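To be precise, the following lines are upload35.pdb, and they hold PDB, C-alpha atoms, pLDDT in the B column.
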MODEL        1
ATOM      1  CA  MET A   1      14.041   6.188  -4.408  1.00 95.00           C
ATOM      2  CA  LYS A   2      10.254   5.931  -4.494  1.00 98.00           C
ATOM      3  CA  LEU A   3       7.695   4.165  -2.360  1.00 98.00           C
ATOM      4  CA  ALA A   4       3.982   4.706  -1.742  1.00 98.00           C
ATOM      5  CA  ARG A   5       1.967   6.259   1.066  1.00 98.00           C
ATOM      6  CA  ALA A   6      -1.565   5.432   2.184  1.00 98.00           C
ATOM      7  CA  ILE A   7      -4.173   7.823   0.830  1.00 97.00           C
ATOM      8  CA  HIS A   8      -7.877   8.086   1.618  1.00 95.00           C
ATOM      9  CA  PHE A   9     -10.537   9.759  -0.514  1.00 92.00           C
ATOM     10  CA  ASP A  10     -13.333   9.009   1.942  1.00 93.00           C
ATOM     11  CA  GLU A  11     -13.930   6.989   5.108  1.00 94.00           C
ATOM     12  CA  SER A  12     -14.718   3.678   3.394  1.00 95.00           C
ATOM     13  CA  ASP A  13     -11.498   1.983   4.566  1.00 95.00           C
ATOM     14  CA  LEU A  14     -12.671   2.528   8.146  1.00 93.00           C
ATOM     15  CA  ASN A  15     -15.662   0.338   7.356  1.00 93.00           C
ATOM     16  CA  VAL A  16     -14.125  -2.393   5.185  1.00 94.00           C
ATOM     17  CA  PHE A  17     -10.876  -3.262   7.004  1.00 96.00           C
ATOM     18  CA  HIS A  18     -10.501  -4.632  10.546  1.00 95.00           C
ATOM     19  CA  SER A  19      -7.591  -2.245  11.013  1.00 96.00           C
ATOM     20  CA  PRO A  20      -7.275   0.607   8.499  1.00 97.00           C
ATOM     21  CA  ALA A  21      -3.877   2.113   7.734  1.00 98.00           C
ATOM     22  CA  ARG A  22      -3.262   5.720   8.723  1.00 97.00           C
ATOM     23  CA  THR A  23      -3.253   8.332   5.955  1.00 97.00           C
ATOM     24  CA  GLY A  24       0.321   9.082   4.938  1.00 97.00           C
ATOM     25  CA  GLU A  25       2.022   5.997   6.296  1.00 97.00           C
ATOM     26  CA  TRP A  26       4.399   4.091   4.010  1.00 98.00           C
ATOM     27  CA  CYS A  27       2.894   0.947   2.499  1.00 98.00           C
ATOM     28  CA  ILE A  28       3.868  -2.276   0.778  1.00 98.00           C
ATOM     29  CA  SER A  29       1.774  -4.990  -0.799  1.00 96.00           C
ATOM     30  CA  GLY A  30       1.884  -7.200   2.288  1.00 95.00           C
ATOM     31  CA  GLY A  31       0.690 -10.222   0.327  1.00 92.00           C
ATOM     32  CA  PHE A  32       2.892 -12.445   2.501  1.00 92.00           C
ATOM     33  CA  GLU A  33       0.179 -12.224   5.164  1.00 92.00           C
ATOM     34  CA  PHE A  34      -2.044 -14.398   2.988  1.00 92.00           C
ATOM     35  CA  SER A  35       0.514 -16.995   1.891  1.00 85.00           C
ATOM     36  CA  ASN A  36      -1.137 -19.857   3.770  1.00 84.00           C
ATOM     37  CA  TRP A  37      -4.765 -18.764   3.363  1.00 86.00           C
ATOM     38  CA  GLY A  38      -7.485 -20.822   1.734  1.00 84.00           C
ATOM     39  CA  GLU A  39     -11.025 -20.053   0.567  1.00 85.00           C
ATOM     40  CA  GLY A  40     -12.305 -20.599   4.117  1.00 85.00           C
ATOM     41  CA  ASP A  41     -10.258 -17.643   5.351  1.00 86.00           C
ATOM     42  CA  LEU A  42     -11.828 -15.243   2.866  1.00 88.00           C
ATOM     43  CA  GLU A  43     -14.841 -13.906   4.717  1.00 91.00           C
ATOM     44  CA  GLY A  44     -15.993 -10.416   5.637  1.00 91.00           C
ATOM     45  CA  LYS A  45     -13.324  -7.830   6.372  1.00 94.00           C
ATOM     46  CA  ALA A  46     -10.561 -10.424   6.022  1.00 93.00           C
ATOM     47  CA  ARG A  47     -11.727 -11.010   2.438  1.00 93.00           C
ATOM     48  CA  GLN A  48     -11.541  -7.268   1.759  1.00 94.00           C
ATOM     49  CA  ALA A  49      -7.994  -7.044   3.157  1.00 95.00           C
ATOM     50  CA  PHE A  50      -7.005 -10.007   0.999  1.00 95.00           C
ATOM     51  CA  ALA A  51      -8.748  -8.758  -2.131  1.00 95.00           C
ATOM     52  CA  ASN A  52      -7.351  -5.236  -2.280  1.00 96.00           C
ATOM     53  CA  GLY A  53      -5.523  -4.040   0.843  1.00 97.00           C
ATOM     54  CA  TRP A  54      -2.037  -2.540   0.914  1.00 98.00           C
ATOM     55  CA  LEU A  55      -0.188  -2.983   4.229  1.00 98.00           C
ATOM     56  CA  GLY A  56       0.800   0.104   6.231  1.00 98.00           C
ATOM     57  CA  LEU A  57       4.247  -0.100   7.816  1.00 98.00           C
ATOM     58  CA  GLU A  58       3.423   1.797  11.011  1.00 96.00           C
ATOM     59  CA  THR A  59      -0.038   0.553  12.023  1.00 97.00           C
ATOM     60  CA  PHE A  60       0.096  -2.664   9.946  1.00 97.00           C
ATOM     61  CA  GLY A  61      -3.444  -1.805   8.928  1.00 97.00           C
ATOM     62  CA  ARG A  62      -4.784  -1.958   5.372  1.00 98.00           C
ATOM     63  CA  VAL A  63      -5.648   0.722   2.810  1.00 98.00           C
ATOM     64  CA  THR A  64      -7.229   0.583  -0.660  1.00 98.00           C
ATOM     65  CA  PHE A  65      -5.199   3.313  -2.411  1.00 97.00           C
ATOM     66  CA  VAL A  66      -1.550   4.317  -2.213  1.00 98.00           C
ATOM     67  CA  ALA A  67       0.213   7.241  -3.899  1.00 97.00           C
ATOM     68  CA  VAL A  68       3.770   7.101  -5.233  1.00 97.00           C
ATOM     69  CA  THR A  69       6.230   9.576  -3.717  1.00 97.00           C
ATOM     70  CA  GLN A  70       9.927  10.043  -2.933  1.00 98.00           C
ATOM     71  CA  ILE A  71      11.345   8.444   0.202  1.00 98.00           C
ATOM     72  CA  GLU A  72      14.579   9.252   2.042  1.00 97.00           C
ATOM     73  CA  GLN A  73      17.096   6.615   3.115  1.00 97.00           C
ATOM     74  CA  ALA A  74      16.505   7.311   6.827  1.00 97.00           C
ATOM     75  CA  GLU A  75      12.791   6.563   6.304  1.00 97.00           C
ATOM     76  CA  ILE A  76      13.618   3.341   4.448  1.00 98.00           C
ATOM     77  CA  ASP A  77      15.863   2.263   7.302  1.00 97.00           C
ATOM     78  CA  GLN A  78      13.081   2.915   9.842  1.00 97.00           C
ATOM     79  CA  ILE A  79      10.292   1.130   7.973  1.00 98.00           C
ATOM     80  CA  THR A  80      12.619  -1.803   7.236  1.00 98.00           C
ATOM     81  CA  ARG A  81      13.255  -2.155  10.943  1.00 98.00           C
ATOM     82  CA  ASN A  82       9.511  -1.785  11.707  1.00 97.00           C
ATOM     83  CA  LEU A  83       8.729  -4.575   9.250  1.00 98.00           C
ATOM     84  CA  ALA A  84      11.471  -6.839  10.618  1.00 98.00           C
ATOM     85  CA  GLU A  85      10.113  -6.303  14.150  1.00 98.00           C
ATOM     86  CA  HIS A  86       6.626  -7.128  12.833  1.00 97.00           C
ATOM     87  CA  PHE A  87       7.993 -10.410  11.446  1.00 97.00           C
ATOM     88  CA  VAL A  88       9.388 -11.238  14.888  1.00 98.00           C
ATOM     89  CA  HIS A  89       6.295 -10.288  16.906  1.00 97.00           C
ATOM     90  CA  LEU A  90       3.570 -11.593  14.598  1.00 94.00           C
ATOM     91  CA  TYR A  91       5.182 -14.357  12.556  1.00 94.00           C
ATOM     92  CA  GLY A  92       7.774 -15.714  14.982  1.00 95.00           C
ATOM     93  CA  ALA A  93      10.974 -14.795  13.145  1.00 97.00           C
ATOM     94  CA  PRO A  94      13.893 -15.699  15.441  1.00 97.00           C
ATOM     95  CA  SER A  95      15.269 -12.143  15.635  1.00 98.00           C
ATOM     96  CA  VAL A  96      15.074  -8.712  14.028  1.00 98.00           C
ATOM     97  CA  ASP A  97      18.495  -9.302  12.451  1.00 97.00           C
ATOM     98  CA  ALA A  98      17.281 -12.573  10.947  1.00 97.00           C
ATOM     99  CA  ALA A  99      14.182 -10.854   9.545  1.00 98.00           C
ATOM    100  CA  LEU A 100      15.941  -7.807   8.053  1.00 98.00           C
ATOM    101  CA  ASP A 101      16.755  -9.431   4.689  1.00 97.00           C
ATOM    102  CA  VAL A 102      13.123 -10.435   4.149  1.00 97.00           C
ATOM    103  CA  ALA A 103      11.966  -6.945   5.168  1.00 98.00           C
ATOM    104  CA  ARG A 104      14.468  -5.385   2.745  1.00 98.00           C
ATOM    105  CA  SER A 105      13.199  -7.665  -0.007  1.00 98.00           C
ATOM    106  CA  GLU A 106       9.561  -6.661   0.574  1.00 97.00           C
ATOM    107  CA  ILE A 107      10.450  -2.960   0.499  1.00 98.00           C
ATOM    108  CA  ALA A 108      12.643  -3.417  -2.606  1.00 98.00           C
ATOM    109  CA  HIS A 109       9.693  -5.086  -4.361  1.00 97.00           C
ATOM    110  CA  MET A 110       7.505  -2.064  -3.588  1.00 98.00           C
ATOM    111  CA  ASN A 111      10.254   0.297  -4.740  1.00 98.00           C
ATOM    112  CA  GLU A 112      10.460  -1.571  -8.065  1.00 98.00           C
ATOM    113  CA  LEU A 113       6.713  -1.194  -8.462  1.00 97.00           C
ATOM    114  CA  CYS A 114       6.847   2.552  -7.727  1.00 98.00           C
ATOM    115  CA  GLU A 115      10.123   3.594  -9.335  1.00 97.00           C
ATOM    116  CA  GLU A 116       8.850   3.987 -12.911  1.00 95.00           C
ATOM    117  CA  HIS A 117       5.831   6.077 -11.929  1.00 96.00           C
ATOM    118  CA  ALA A 118       5.519   9.822 -11.474  1.00 94.00           C
ATOM    119  CA  PRO A 119       4.826  11.244  -8.018  1.00 95.00           C
ATOM    120  CA  ASN A 120       1.125  11.153  -7.073  1.00 94.00           C
ATOM    121  CA  THR A 121       0.436   8.145  -9.285  1.00 95.00           C
ATOM    122  CA  LEU A 122      -2.181   6.032  -7.505  1.00 96.00           C
ATOM    123  CA  LEU A 123      -1.858   2.273  -7.183  1.00 97.00           C
ATOM    124  CA  THR A 124      -4.357  -0.424  -6.296  1.00 97.00           C
ATOM    125  CA  VAL A 125      -3.761  -4.119  -5.730  1.00 98.00           C
ATOM    126  CA  ALA A 126      -6.074  -7.027  -6.572  1.00 97.00           C
ATOM    127  CA  ARG A 127      -5.409 -10.503  -5.191  1.00 95.00           C
ATOM    128  CA  GLU A 128      -6.871 -13.883  -5.920  1.00 93.00           C
ATOM    129  CA  LEU A 129      -6.132 -17.397  -4.781  1.00 90.00           C
ATOM    130  CA  SER A 130      -4.883 -19.796  -7.430  1.00 86.00           C
ATOM    131  CA  ASP A 131      -3.617 -23.361  -7.414  1.00 84.00           C
ATOM    132  CA  THR A 132      -0.083 -21.981  -7.112  1.00 85.00           C
ATOM    133  CA  GLY A 133      -0.830 -19.538  -4.266  1.00 85.00           C
ATOM    134  CA  VAL A 134      -1.719 -15.870  -4.063  1.00 90.00           C
ATOM    135  CA  HIS A 135      -1.690 -13.940  -7.339  1.00 92.00           C
ATOM    136  CA  GLU A 136      -1.362 -10.132  -7.212  1.00 95.00           C
ATOM    137  CA  ALA A 137      -2.179  -7.667  -9.982  1.00 96.00           C
ATOM    138  CA  TYR A 138      -1.647  -3.916  -9.821  1.00 96.00           C
ATOM    139  CA  ARG A 139      -3.602  -1.069 -11.341  1.00 96.00           C
ATOM    140  CA  ILE A 140      -1.907   2.242 -12.058  1.00 95.00           C
ATOM    141  CA  ILE A 141      -3.948   5.451 -12.031  1.00 93.00           C
ATOM    142  CA  THR A 142      -1.894   8.324 -13.415  1.00 89.00           C
ATOM    143  CA  PRO A 143      -2.355  11.883 -12.163  1.00 80.00           C
ATOM    144  CA  GLN A 144      -4.572  13.927 -14.442  1.00 71.00           C
ATOM    145  CA  GLU A 145      -3.719  17.535 -15.144  1.00 45.00           C
ATOM    146  CA  THR A 146      -6.509  19.991 -14.418  1.00 35.00           C
ATOM    147  CA  GLN A 147      -8.128  21.169 -17.613  1.00 40.00           C
ATOM    148  CA  LEU A 148      -9.042  24.828 -17.979  1.00 40.00           C
ATOM    149  CA  GLU A 149     -12.581  23.895 -19.036  1.00 44.00           C
ATOM    150  CA  ALA A 150     -13.102  22.180 -15.692  1.00 42.00           C
ATOM    151  CA  LEU A 151     -12.660  25.401 -13.732  1.00 42.00           C
ATOM    152  CA  ALA A 152     -15.733  27.380 -12.742  1.00 42.00           C
ATOM    153  CA  VAL A 153     -15.884  30.944 -14.022  1.00 45.00           C
ATOM    154  CA  HIS A 154     -17.823  33.503 -12.010  1.00 43.00           C
ATOM    155  CA  GLY A 155     -18.876  36.954 -13.145  1.00 45.00           C
ATOM    156  CA  SER A 156     -19.579  38.451 -16.494  1.00 44.00           C
ATOM    157  CA  LEU A 157     -17.422  39.785 -19.280  1.00 48.00           C
ATOM    158  CA  ASP A 158     -20.008  42.545 -19.866  1.00 51.00           C
ATOM    159  CA  ASP A 159     -19.058  44.444 -16.650  1.00 48.00           C
TER     160      ASP A 159
ENDMDL
END
Encoded form using structure tokens:
Amino acid sequence: MKLARAIHFDESDLNVFHSPARTGEWCISGGFEFSNWGEGDLEGKARQAFANGWLGLETFGRVTFVAVTQIEQAEIDQITRNLAEHFVHLYGAPSVDAALDVARSEIAHMNELCEEHAPNTLLTVARELSDTGVHEAYRIITPQETQLEALAVHGSLDD
């Protein structure tokens, strides 16, 4: 099974999100957070989280890039429980047991998105508000193999 982990290339997420995800934590789209948002909610760092933030499943912070990788069943079980607990504490779900099916569904959606991609494939998300709700689009950035010409050569063949 595959899922995606938060990845950072620089410190920009620290500046653009209220709460940045930790490098390496498992992530999902997390678009449910914006299901009842309107244009008035889209300001500053909240707009950035809406526009292109994946949701980390440990910190519940946001990250711009995620990388596809293998996940073990024990990890899936833990992040599913974390997400169900998040639904209880933040969204008022009646119990963790009641929230588990929704958590499983969110993680299954992310697995479907990741499953067809090779490890280390990068993903980004772009969201916009429409008349029918939140629309998400995904961009896939495949890993590039290092080309021999890109390597620096030092020394001389004349020696």
Original post:
So which one's closest to Thr142 of chain A, A:Leu113, A:Leu14, A:Ala99, A:Val68? Using only C-alpha atoms, please.
Top reply: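 Once distances to Thr142 of chain A are computed over only C-alpha atoms, the minimum belongs to A:Val68.
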**OP:** Select, from A:Gly40, A:Gly133, A:Pro94, A:Gly53, the residue with the minimum atom-to-atom distance to Ile7 of chain A, counting only C-alpha atoms.
**Re:**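 Closest to Ile7 of chain A of all the choices is A:Gly53.
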Applying 12 Å and only C-alpha atoms, which residues near Ile107 of chain A remain after dropping the ones on its own chain fewer than 6 positions away? List them as a PDB file with C-alpha atoms, in the coordinates of the input.
ATOM      1  CA  MET A   1      14.041   6.188  -4.408  1.00 95.00           C
ATOM      2  CA  LYS A   2      10.254   5.931  -4.494  1.00 98.00           C
ATOM      3  CA  LEU A   3       7.695   4.165  -2.360  1.00 98.00           C
ATOM      4  CA  ALA A   4       3.982   4.706  -1.742  1.00 98.00           C
ATOM      5  CA  TRP A  26       4.399   4.091   4.010  1.00 98.00           C
ATOM      6  CA  CYS A  27       2.894   0.947   2.499  1.00 98.00           C
ATOM      7  CA  ILE A  28       3.868  -2.276   0.778  1.00 98.00           C
ATOM      8  CA  SER A  29       1.774  -4.990  -0.799  1.00 96.00           C
ATOM      9  CA  GLY A  30       1.884  -7.200   2.288  1.00 95.00           C
ATOM     10  CA  LEU A  55      -0.188  -2.983   4.229  1.00 98.00           C
ATOM     11  CA  GLY A  56       0.800   0.104   6.231  1.00 98.00           C
ATOM     12  CA  LEU A  57       4.247  -0.100   7.816  1.00 98.00           C
ATOM     13  CA  ILE A  71      11.345   8.444   0.202  1.00 98.00           C
ATOM     14  CA  GLN A  73      17.096   6.615   3.115  1.00 97.00           C
ATOM     15  CA  GLU A  75      12.791   6.563   6.304  1.00 97.00           C
ATOM     16  CA  ILE A  76      13.618   3.341   4.448  1.00 98.00           C
ATOM     17  CA  ASP A  77      15.863   2.263   7.302  1.00 97.00           C
ATOM     18  CA  GLN A  78      13.081   2.915   9.842  1.00 97.00           C
ATOM     19  CA  ILE A  79      10.292   1.130   7.973  1.00 98.00           C
ATOM     20  CA  THR A  80      12.619  -1.803   7.236  1.00 98.00           C
ATOM     21  CA  ARG A  81      13.255  -2.155  10.943  1.00 98.00           C
ATOM     22  CA  ASN A  82       9.511  -1.785  11.707  1.00 97.00           C
ATOM     23  CA  LEU A  83       8.729  -4.575   9.250  1.00 98.00           C
ATOM     24  CA  ALA A  84      11.471  -6.839  10.618  1.00 98.00           C
ATOM     25  CA  LEU A 100      15.941  -7.807   8.053  1.00 98.00           C
ATOM     26  CA  ASP A 101      16.755  -9.431   4.689  1.00 97.00           C
ATOM     27  CA  LEU A 113       6.713  -1.194  -8.462  1.00 97.00           C
ATOM     28  CA  CYS A 114       6.847   2.552  -7.727  1.00 98.00           C
ATOM     29  CA  GLU A 115      10.123   3.594  -9.335  1.00 97.00           C
TER      30      GLU A 115
END
**OP:** Let me know the residues the PyMOL selection byres ((chain A and resi 38) around 10) catches in the file above, as a VMD selection string.
**Re:** chain A and resid 34 to 37 39 to 42 129 to 130 133 to 134
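Here atom CA of Thr64 of chain A stands at a distance of 6.4 Å from atom CA of Thr124 of chain A.
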Show me, as an mmCIF file with C-alpha atoms, keeping the file's coordinate frame, the residues that have an atom within 9 Å of Asn52 of chain A when counting all atoms listed in the file, minus same-chain residues fewer than 6 positions from it.
data_model
loop_
_atom_site.group_PDB
_atom_site.id
_atom_site.type_symbol
_atom_site.label_atom_id
_atom_site.label_comp_id
_atom_site.auth_asym_id
_atom_site.auth_seq_id
_atom_site.Cartn_x
_atom_site.Cartn_y
_atom_site.Cartn_z
ATOM 1 C CA ARG A 62 -4.784 -1.958 5.372
ATOM 2 C CA VAL A 63 -5.648 0.722 2.810
ATOM 3 C CA THR A 64 -7.229 0.583 -0.660
ATOM 4 C CA PHE A 65 -5.199 3.313 -2.411
ATOM 5 C CA THR A 124 -4.357 -0.424 -6.296
ATOM 6 C CA VAL A 125 -3.761 -4.119 -5.730
ATOM 7 C CA ALA A 126 -6.074 -7.027 -6.572
ATOM 8 C CA ARG A 127 -5.409 -10.503 -5.191
#
Subject >> For atom CA of Val102 of chain A and atom CA of Ser19 of chain A, the interatomic separation in Å (one decimal) >> reply: 23.3 Å
So for segment 109-115 of chain A, what box centre and size do we get, axis-aligned, 5 Å extra on each of the six sides, every listed atom, Å to one decimal, as JSON?
{"center_x": 8.6, "center_y": -0.7, "center_z": -6.5, "size_x": 13.7, "size_y": 18.7, "size_z": 15.7}
**OP:** Considering all atoms listed in the file, state which residue in the set A:His109, A:His18, A:His117, A:His86 is at the smallest distance from Ile141 of chain A.
**Re:**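 Closest candidate: A:His117.
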Subject >> Between atom CA of Val66 of chain A and atom CA of Ala6 of chain A - distance in Å to one decimal >> reply: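 Calculated distance between atom CA of Ala6 of chain A and atom CA of Val66 of chain A is 4.5 Å.
Residue nearest Glu25 of chain A within the list A:Ala67, A:Leu90, A:Val96, A:Ala137: A:Ala67 [criterion: smallest interatomic distance, only C-alpha atoms].
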**OP:** In the coordinates of the file, take the point (-10.9, -2.7, 1.6) and a cut-off of 9 Å; then, counting only C-alpha atoms, name each qualifying protein, DNA or RNA residue as an NGL selection string.
**Re:** :A and (12-17 or 20 or 45-54 or 62-64)
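Closest approach to Glu106 of chain A among A:Gly24, A:Gly31, A:Pro143, A:Gly44 is made by A:Gly31 (distances from only C-alpha atoms).
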Subject >> Residue with smallest distance to Leu123 of chain A - pool A:Ala98, A:Glu33, A:Thr69, A:Val88, counting all atoms listed in the file >> reply: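 That would be A:Thr69, the residue with the smallest distance to Leu123 of chain A.
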